[in-house]
Every structure is written in structure tokens, then in C-alpha cells.
Amino acid sequence: MKNVFIINGHQKYEGVAEGNLTKFFIQSAKEFLEENGFSVKITNVQDGYEPLEEVEKFKWANYFIIQYPVFWMGVPWIFKKYIDEVFGAGKDNGIYASDGRSRNDPTKRYGSGGLMQGKKYMLSLTYNCPTSEFDNKDGFFEGLSVDQAHIATHKTWQFCGAKPMQSFSVHDIFKGDLDLEKEKERFLEVLKKNFL
């Protein structure tokens with residue numbers, strides 16, 4: 001099956017974070033995927049949701065694109081709330097069964113109780129931070145890559161059994177000289193690598 005669930009984790013802040021860039025990448029992904037034979041469902045977290053309906057989307061999907069702006073080095077709080085509520089509703093229901101450990105089998109390790117086995121996810125991030133701050137021992141992130149800086153998000157999905165695909169990030173979004181067509185080309189190259 002070729003089902004992709006895109007989660008829009010944006011949270012609007014009037015005059016600062018309107019969500020247009022997030023929507024641009026989601027629309028670009030939707031068009032690309034549908035042109036290549038994928039079925040797509042999208043949830044815009046800030047528009048509201050029913051946790052059990054979201055669980056059904058996770059069960060339906062083979063792939064996830066998690067699109068969000070980086071707020072204070074992580075996911076917007078409304079998206080964290082979504083994860084807490086939806087993943088909680090998915091216990092023993094397509095998302096996870098347990099933390100994986102077993103009193104009867106000490107070889108079963110923490111983080112191995114996910115029910116999303118065989119599914120894959122892609123992080124797609126928008127950042128004010130410039131790329132120069134990553135993979136740079138003298139940079140703000142002290143040598144961490146973008147993926148390493150988002151270890152909590154990665155581990156959340158991996159706890160549920162999903163495997164990562166190549167991430168995408170766009171940087172310096174407030175600088176005023178963002179070339180959207182160039183960024184879209186980079187984005188489509190990552191989508192091709194991950195989905196074709």
C-alpha cells in the first residue's frame with residue numbers, strides 16, 4: 001500500500017508564525033505524492049482533532065510526514081499535546097502496546113513495544129536558525145546535526161516502531177531572502193529519495 005499521512009504541527013502566532021511556509025511544503029508534498037500514485041491524508045493539528053480518528057489514520061498509513069516549525073528547539077506545544085493525546089489513544093490500538101520490556105523475557109528491551117512496525121516517517125522542519133549552526137563544533141548546537149538536535153521527536157516515533165527516512169529542513173526563514181522555488185526543488189529531491 002502507498003498511504004501517506006501528513007501531520008501539520010504548526011501553531012499560529014499572529015504576525016510571527018502564520019503557517020504559510022508549512023502549508024507550502026505540505027501542499028508540495030501532497031501534489032508530488034498524488035502524482036506518484038500515493039493516497040494522502042492530512043491533519044492540521046491547530047484545527048482540532050478527535051484522538052481515535054487520528055489513531056485510525058496512523059493505522060491506515062504506511063508513511064508519515066511530520067511537518068512543523070521549530071519553536072524553542074522542539075515541536076510547538078499544540079503538536080506535543082496532539083502526540084500525547086493521540087499516541088495515548090493508540091495504546092494497544094495500532095500505535096504501541098507497551099514499552100517493550102517483559103518480566104518473563106529479559107532480552108526484550110525498552111522501546112521495542114511499538115505497533116508501527118514496517119512503517120516509516122520523515123521529519124520536515126522550518127527553522128529560523130541558519131544551517132551553519134549544525135554539524136559545527138563551534139556552532140550553537142555544539143556539533144549536533146539537525147537530526148541529532150531532534151532526538152526527542154525521532155525517539156517518539158521509533159518508540160512506536162516506525163523507522164526514519166531522510167529528514168528535510170529549511171533555514172533562515174525570517175532573513176527575507178528565502179528562495180521558495182529553490183527550497184521546493186531541494187524538498188522534492190528528498191521526497192524522491194524517500195518515496196520513489
# chains A, B, ... in the order shown; residues from 1 in each chain; ligands from 1

$ residues_around --residues "Val55 (chain A)" --least-positions-apart "6" --cutoff "9 Å" --atoms "only C-alpha atoms" --output "ChimeraX atom specification"
/A:86-87,89-90,93-95

$ write_last_selection --atoms "C-alpha atoms" --output "mmCIF file, in the first residue's frame"
data_model
loop_
_atom_site.group_PDB
_atom_site.id
_atom_site.type_symbol
_atom_site.label_atom_id
_atom_site.label_comp_id
_atom_site.auth_asym_id
_atom_site.auth_seq_id
_atom_site.Cartn_x
_atom_site.Cartn_y
_atom_site.Cartn_z
ATOM 1 C CA VAL A 86 -3.306 10.596 20.058
ATOM 2 C CA PHE A 87 -0.488 8.237 20.948
ATOM 3 C CA ALA A 89 -5.378 6.715 22.498
ATOM 4 C CA GLY A 90 -3.324 4.359 20.324
ATOM 5 C CA ASN A 93 -4.629 0.110 19.092
ATOM 6 C CA GLY A 94 -2.085 0.428 16.307
ATOM 7 C CA ILE A 95 0.484 2.760 17.858
#

$ closest_atom_pairs --of "region 17-125 of chain A" --to "region 165-189 of chain A" --cutoff "12 Å" --atoms "only C-alpha atoms" --output "CSV"
residue,atom,partner,partner_atom,distance
A:Ala17,CA,A:Phe174,CA,10.0
A:Gly19,CA,A:Ile173,CA,11.9
A:Asn20,CA,A:Ile173,CA,11.4
A:Leu21,CA,A:Ile173,CA,8.8
A:Thr22,CA,A:Val170,CA,10.5
A:Phe24,CA,A:Lys184,CA,8.8
A:Phe25,CA,A:Lys184,CA,7.4
A:Ile26,CA,A:Phe187,CA,10.5
A:Gln27,CA,A:Lys184,CA,10.6
A:Ser28,CA,A:Lys184,CA,7.5
A:Ala29,CA,A:Leu188,CA,7.6
A:Lys30,CA,A:Leu188,CA,10.9
A:Glu31,CA,A:Leu188,CA,10.4
A:Phe32,CA,A:Leu188,CA,7.6
A:Leu33,CA,A:Leu188,CA,10.0
A:Tyr63,CA,A:Met165,CA,9.5
A:Phe64,CA,A:Met165,CA,9.7
A:Ile65,CA,A:Ser167,CA,9.4
A:Ile66,CA,A:Ser167,CA,9.6
A:Gln67,CA,A:Phe168,CA,9.4
A:Tyr68,CA,A:Ser169,CA,9.8
A:Pro69,CA,A:Ser169,CA,9.5
A:Val70,CA,A:Ser169,CA,9.8
A:Lys119,CA,A:Met165,CA,10.1
A:Lys120,CA,A:Met165,CA,6.5
A:Tyr121,CA,A:Met165,CA,5.8
A:Met122,CA,A:Met165,CA,5.2
A:Leu123,CA,A:Ser167,CA,4.9
A:Ser124,CA,A:Phe168,CA,4.7
A:Leu125,CA,A:Ser169,CA,4.5

$ select_by_dssp --residues "region 19-185 of chain A" --states "alpha helix (DSSP H)" --output "JSON, numbers by chain"
{"A": [20, 21, 22, 23, 24, 25, 26, 27, 28, 29, 30, 31, 32, 33, 34, 35, 51, 52, 53, 54, 55, 56, 57, 58, 59, 60, 77, 78, 79, 80, 81, 82, 83, 84, 85, 86, 87, 88, 89, 146, 147, 148, 149, 151, 152, 153, 154, 155, 156, 157, 158, 159, 180, 181, 182, 183, 184, 185]}

$ residues_around --residues "Asn62 (chain A)" --least-positions-apart "6" --cutoff "8 Å" --atoms "only C-alpha atoms" --output "compact mmCIF listing (two decimals) with C-alpha atoms, in the first residue's frame"
# COMPACT_ATOMS: atom_id res chain seq x y z
CA MET A 1 0.00 0.00 0.00
CA LYS A 2 1.06 3.58 -0.62
CA ASN A 3 -0.71 5.58 2.05
CA VAL A 4 0.85 8.73 3.47
CA PHE A 5 -0.40 10.63 6.49
CA GLY A 118 7.22 -1.67 8.88
CA LYS A 119 6.11 1.98 8.75
CA LYS A 120 8.41 4.93 8.02

$ residues_around --residues "Thr131 (chain A)" --least-positions-apart "2" --cutoff "10 Å" --atoms "only C-alpha atoms" --output "PyMOL selection string"
chain A and resi 127-129+133-136+139+145-146+169-172

$ select_by_dssp --residues "region 8-196 of chain A" --states "strand (DSSP E or B)" --output "ChimeraX atom specification"
/A:8,13,17,39-44,63-69,71,74,91,96,114,120-126,163-164,168-170

$ atom_distance --atom1 "CA of Trp77 (chain A)" --atom2 "CA of Thr43 (chain A)"
15.9 Å

$ residues_around --residues "region 46-54 of chain A" --least-positions-apart "2" --cutoff "12 Å" --atoms "only C-alpha atoms" --output "JSON, numbers by chain"
{"A": [5, 6, 7, 8, 9, 10, 11, 12, 13, 18, 19, 41, 42, 43, 44, 56, 57, 58, 59, 60, 61, 68, 76, 77, 78, 79, 80, 81, 82, 83, 84, 85, 86, 87, 88, 89, 90, 91, 93, 94, 95]}
